[in-house]
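Some notes on the structure that comes next.
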Amino acid sequence: MSEAVATSCTLGEAMVYQIARTIEDGIMAFHGFGSPLVQLALHLAKRTHAPRLVLVAGATYGVNPTPPFLAATSNDWVMDRGAEAHLSIEELFDLAASARVGRMFLSGLQIDRYGNLNVTRLGRERLALKLPGGGGGGNLSCDVERVTIWTAAHRSPPDAQGRRRFRLVETCDFITSLGHRAADGRSRAELGHLGCGPDWIVTELGVFDFDDSGRARLAAVYPDVGVEEIRENTGFDFSVRTELSTVTLPTSNMVDIIRALDPLLIHERELRVEDRSRRFQLAG
């Protein structure tokens, strides 16, 4: 008996597809540690529109692994299954510094309008919270050609006093990874960096690109989200593309690929509980 064709997708599956759409065929891409959404997006891209993608796994530095399923941790060696070769961390940094890494994926506890990211500290004059640190993101964000930023924590509900702790902020307390402008206002070109910087921010509320000035601009929304809701949950003002669209949803075949790769629903751990029930009808 044949399995039923998927007629809907979850928010997580839609986010995986939004991230996968940012991945070009024929490039080298590195996914780093920690995000099942990004891991699934890379494997989805390689199995669909980007078969010539050179995928470098974050924990093992395996090249083009073919894991049978997504493990509960990115440091599980099942994620290295079938790798064609392995890089050392020094080789990865050398490849980036010689402009041969086409895309990587970064996130942060703070993301500002220029795509700067903070995973180092909260508090400017006085330390309020020490964060894990960038793990090489400072260097790689300057050298890798393009960066996809993602977060599943864009929504910033008010606390009991009505205050919001934004994930997308006006200004980062500390810049760990560079976006389009440094803290002193200088552009990437003025600083002489190789990479072009971030070109997408994918969140659970919408998708942003960047305008010519390097500022984030809303490009697409999910079917159940409006622009005003995104403004309420964003700490900086942003422009909206004239041709603002609803995000493109994956095909039923893509949903099947995601579900086959993640039967344990590991990627849902990255989502808030209330977001795990969001579903969207697929076309035709």
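A note on labels: chains of the structure tokens are A, B, ... as shown, every chain counts residues from 1, and ligands are counted from 1 in their shown order.
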
Contacts of segment 158-172 of chain A at 7 Å (only C-alpha atoms; same-chain gap of 4+ positions) as a ChimeraX atom specification | /A:109-113,117-118,153-154,233-236

Please save N, CA and C atoms of the selected residues as a compact mmCIF listing (two decimals), in the first residue's frame.
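Contents of the output file result_12.txt:
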# COMPACT_ATOMS: atom_id res chain seq x y z
N LEU A 109 21.78 35.41 20.04
CA LEU A 109 20.79 35.85 21.01
C LEU A 109 20.31 37.26 20.68
N GLN A 110 21.16 38.01 19.96
CA GLN A 110 20.77 39.31 19.42
C GLN A 110 21.17 39.36 17.94
N ILE A 111 20.23 39.88 17.13
CA ILE A 111 20.44 40.07 15.70
C ILE A 111 20.01 41.49 15.39
N ASP A 112 20.90 42.32 14.84
CA ASP A 112 20.49 43.70 14.59
C ASP A 112 20.13 43.93 13.13
N ARG A 113 19.73 45.15 12.81
CA ARG A 113 19.21 45.47 11.47
C ARG A 113 20.23 45.26 10.37
N LEU A 117 25.57 39.88 14.79
CA LEU A 117 25.08 38.86 15.71
C LEU A 117 25.85 38.89 17.02
N ASN A 118 25.16 38.63 18.11
CA ASN A 118 25.79 38.59 19.42
C ASN A 118 25.54 37.24 20.08
N ALA A 153 13.21 32.16 17.38
CA ALA A 153 12.78 32.88 18.58
C ALA A 153 12.58 34.36 18.28
N HIS A 154 12.04 34.66 17.11
CA HIS A 154 11.75 36.05 16.72
C HIS A 154 10.64 36.61 17.60
N ASN A 233 7.12 42.50 17.28
CA ASN A 233 8.11 41.57 17.81
C ASN A 233 9.53 41.85 17.34
N THR A 234 9.74 43.01 16.75
CA THR A 234 11.05 43.37 16.22
C THR A 234 11.52 44.67 16.87
N GLY A 235 12.75 44.69 17.33
CA GLY A 235 13.27 45.83 18.06
C GLY A 235 13.78 46.97 17.21
N PHE A 236 13.77 46.81 15.89
CA PHE A 236 14.17 47.89 15.00
C PHE A 236 13.10 48.10 13.93

Tell me which protein, DNA and RNA residues are within 10 Å of Thr73 of chain A, counting only C-alpha atoms, leaving out same-chain ones fewer than 5 positions away, and put them as a list in words.
-> Phe33, Gly34, Ser35, Pro36, Ala59, Val78, Met79 and Ile266 of chain A

Dump N, CA and C atoms for the selected residues as a PDB file, in the first residue's frame?
ATOM      1  N   PHE A  33      27.630  23.943  14.406  1.00  0.00           N
ATOM      2  CA  PHE A  33      27.008  23.088  15.417  1.00  0.00           C
ATOM      3  C   PHE A  33      25.564  23.506  15.675  1.00  0.00           C
ATOM      4  N   GLY A  34      24.777  22.573  16.199  1.00  0.00           N
ATOM      5  CA  GLY A  34      23.640  22.945  17.011  1.00  0.00           C
ATOM      6  C   GLY A  34      22.268  23.074  16.408  1.00  0.00           C
ATOM      7  N   SER A  35      22.106  23.312  15.114  1.00  0.00           N
ATOM      8  CA  SER A  35      20.761  23.561  14.604  1.00  0.00           C
ATOM      9  C   SER A  35      20.265  22.428  13.721  1.00  0.00           C
ATOM     10  N   PRO A  36      19.276  21.667  14.187  1.00  0.00           N
ATOM     11  CA  PRO A  36      18.686  20.647  13.312  1.00  0.00           C
ATOM     12  C   PRO A  36      17.955  21.264  12.125  1.00  0.00           C
ATOM     13  N   ALA A  59      30.050  19.198  13.091  1.00  0.00           N
ATOM     14  CA  ALA A  59      30.709  18.546  14.220  1.00  0.00           C
ATOM     15  C   ALA A  59      31.901  17.713  13.786  1.00  0.00           C
ATOM     16  N   VAL A  78      26.754   9.311  13.707  1.00  0.00           N
ATOM     17  CA  VAL A  78      25.876   8.851  12.629  1.00  0.00           C
ATOM     18  C   VAL A  78      25.727   9.956  11.581  1.00  0.00           C
ATOM     19  N   MET A  79      25.902  11.217  11.994  1.00  0.00           N
ATOM     20  CA  MET A  79      25.803  12.331  11.055  1.00  0.00           C
ATOM     21  C   MET A  79      26.977  12.369  10.090  1.00  0.00           C
ATOM     22  N   ILE A 266      13.517  15.790  15.747  1.00  0.00           N
ATOM     23  CA  ILE A 266      14.544  16.510  16.489  1.00  0.00           C
ATOM     24  C   ILE A 266      14.443  18.013  16.227  1.00  0.00           C
TER      25      ILE A 266
END

DSSP strand (DSSP E or B) residues within segment 117-161 of chain A, as a list in words =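 Answer for segment 117-161 of chain A, restricted to strand (DSSP E or B): Leu117, Asn118, Arg121, Leu122, Leu129, Lys130, Arg146, Val147, Thr148, Ile149, Trp150 and Thr151 of chain A.
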
Produce a file of the selected residues containing C-alpha atoms, as a JSON list (two decimals), in the first residue's frame.
[["chain", "number", "residue", "atom", "x", "y", "z"],
["A", 117, "LEU", "CA", 25.08, 38.86, 15.71],
["A", 118, "ASN", "CA", 25.79, 38.59, 19.42],
["A", 121, "ARG", "CA", 27.58, 38.79, 26.22],
["A", 122, "LEU", "CA", 24.51, 40.73, 27.27],
["A", 129, "LEU", "CA", 24.95, 37.49, 31.08],
["A", 130, "LYS", "CA", 27.93, 35.60, 29.66],
["A", 146, "ARG", "CA", 27.25, 34.67, 1.95],
["A", 147, "VAL", "CA", 25.60, 34.11, 5.32],
["A", 148, "THR", "CA", 22.09, 32.89, 6.09],
["A", 149, "ILE", "CA", 20.88, 34.04, 9.51],
["A", 150, "TRP", "CA", 18.12, 32.10, 11.20],
["A", 151, "THR", "CA", 16.25, 32.11, 14.48]]

Identify, with DSSP run on backbone atoms, the residues in segment 175-235 of chain A assigned to helix (DSSP H, G or I), and express the list as a list in words.
->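 Helix (DSSP H, G or I) assignments inside segment 175-235 of chain A correspond to Arg188, Ala189, Glu190, Leu191, Val227, Glu228, Glu229, Ile230, Arg231 and Glu232 of chain A.
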
Residue nearest Gly136 of chain A among A:Thr7, A:Gln39, A:Gln18, A:Thr120 (counting only C-alpha atoms) =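 Closest residue, counting only C-alpha atoms: A:Thr120.
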
How far is it from atom CA of Arg217 of chain A to atom CA of Glu24 of chain A, in Å with one decimal?
->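 Here the two named atoms are 21.0 Å from each other.
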
Hey, what's within 9 Å of Val207 of chain A if we count only C-alpha atoms and toss same-chain stuff fewer than 3 positions away? As a ChimeraX atom specification, please?
-> /A:18,200-204,217-222,247

Using only C-alpha atoms, determine which residues lie at most 8 Å from Ala96 of chain A, disregarding the query and same-chain residues fewer than 5 positions distant; provide the list as a list of chain:residue names.
->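 What passes the distance filter is A:Val101, A:Leu140, A:Asp143, A:Val144.
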
Next, the residues of the selection above should be written as a PDB file, in the first residue's frame with N, CA and C atoms.
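selection01.pdb written:
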ATOM      1  N   VAL A 101      34.516  29.182   0.424  1.00  0.00           N
ATOM      2  CA  VAL A 101      33.296  28.747   1.114  1.00  0.00           C
ATOM      3  C   VAL A 101      32.179  29.698   0.715  1.00  0.00           C
ATOM      4  N   LEU A 140      34.795  33.704  10.231  1.00  0.00           N
ATOM      5  CA  LEU A 140      34.079  33.150   9.089  1.00  0.00           C
ATOM      6  C   LEU A 140      33.042  34.121   8.546  1.00  0.00           C
ATOM      7  N   ASP A 143      34.781  36.213   6.038  1.00  0.00           N
ATOM      8  CA  ASP A 143      35.415  35.584   4.879  1.00  0.00           C
ATOM      9  C   ASP A 143      34.464  34.818   3.972  1.00  0.00           C
ATOM     10  N   VAL A 144      33.461  34.153   4.556  1.00  0.00           N
ATOM     11  CA  VAL A 144      32.535  33.343   3.749  1.00  0.00           C
ATOM     12  C   VAL A 144      31.723  34.267   2.839  1.00  0.00           C
TER      13      VAL A 144
END

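Residues surrounding Gly214 of chain A within 12 Å are Asp112, Arg113, Tyr114, Gly115, Asn116, Leu178, Gly179, His180, Arg181, Ala182, Gly185, Arg186, Ser187, Arg188, Ala189, Cys196, Gly197, Pro198, Asp199, Trp200, Phe208, Asp209, Phe210, Asp211, Asp212, Ala216, Arg217, Phe238 and Ser239 of chain A [only C-alpha atoms; sequence separation below 2 positions excluded].
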
Please produce an output containing C-alpha atoms for each residue in the selection, written as a tab-separated table (two decimals), in the first residue's frame.
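Produced file result.tsv, reproduced below:
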chain	number	residue	atom	x	y	z
A	112	ASP	CA	20.49	43.70	14.59
A	113	ARG	CA	19.21	45.47	11.47
A	114	TYR	CA	22.59	45.08	9.71
A	115	GLY	CA	22.82	41.35	10.39
A	116	ASN	CA	25.36	41.69	13.19
A	178	LEU	CA	29.85	40.82	11.46
A	179	GLY	CA	26.89	41.80	9.30
A	180	HIS	CA	26.94	44.73	6.89
A	181	ARG	CA	28.22	47.47	9.21
A	182	ALA	CA	30.54	47.43	12.19
A	185	GLY	CA	29.41	52.40	11.16
A	186	ARG	CA	32.06	51.27	8.70
A	187	SER	CA	30.89	48.97	5.91
A	188	ARG	CA	32.36	45.60	5.00
A	189	ALA	CA	33.93	47.16	1.90
A	196	CYS	CA	29.48	39.84	1.00
A	197	GLY	CA	27.74	39.37	4.35
A	198	PRO	CA	24.27	38.08	5.22
A	199	ASP	CA	21.60	38.09	2.54
A	200	TRP	CA	18.73	36.38	4.38
A	208	PHE	CA	14.00	39.21	5.54
A	209	ASP	CA	16.46	40.15	2.85
A	210	PHE	CA	18.78	43.19	2.93
A	211	ASP	CA	18.45	46.41	0.93
A	212	ASP	CA	21.31	48.24	-0.80
A	216	ALA	CA	17.13	44.14	6.90
A	217	ARG	CA	13.92	44.37	4.86
A	238	PHE	CA	12.29	47.91	8.91
A	239	SER	CA	11.12	48.53	5.38

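We find atom CA of Gly134 of chain A and atom CA of Leu37 of chain A to be spaced 18.8 Å apart.
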
Residue contacts of Leu40 of chain A (7 Å, only C-alpha atoms) excluding same-chain residues fewer than 4 positions away, as number ranges by chain = A: 16, 36, 44, 258

Pull C-alpha atoms from the residues just selected and write them as a CSV table (one decimal), in the first residue's frame.
chain,number,residue,atom,x,y,z
A,16,VAL,CA,13.7,24.1,6.8
A,36,PRO,CA,18.7,20.6,13.3
A,44,LEU,CA,17.1,18.8,1.7
A,258,ILE,CA,12.3,16.0,5.7
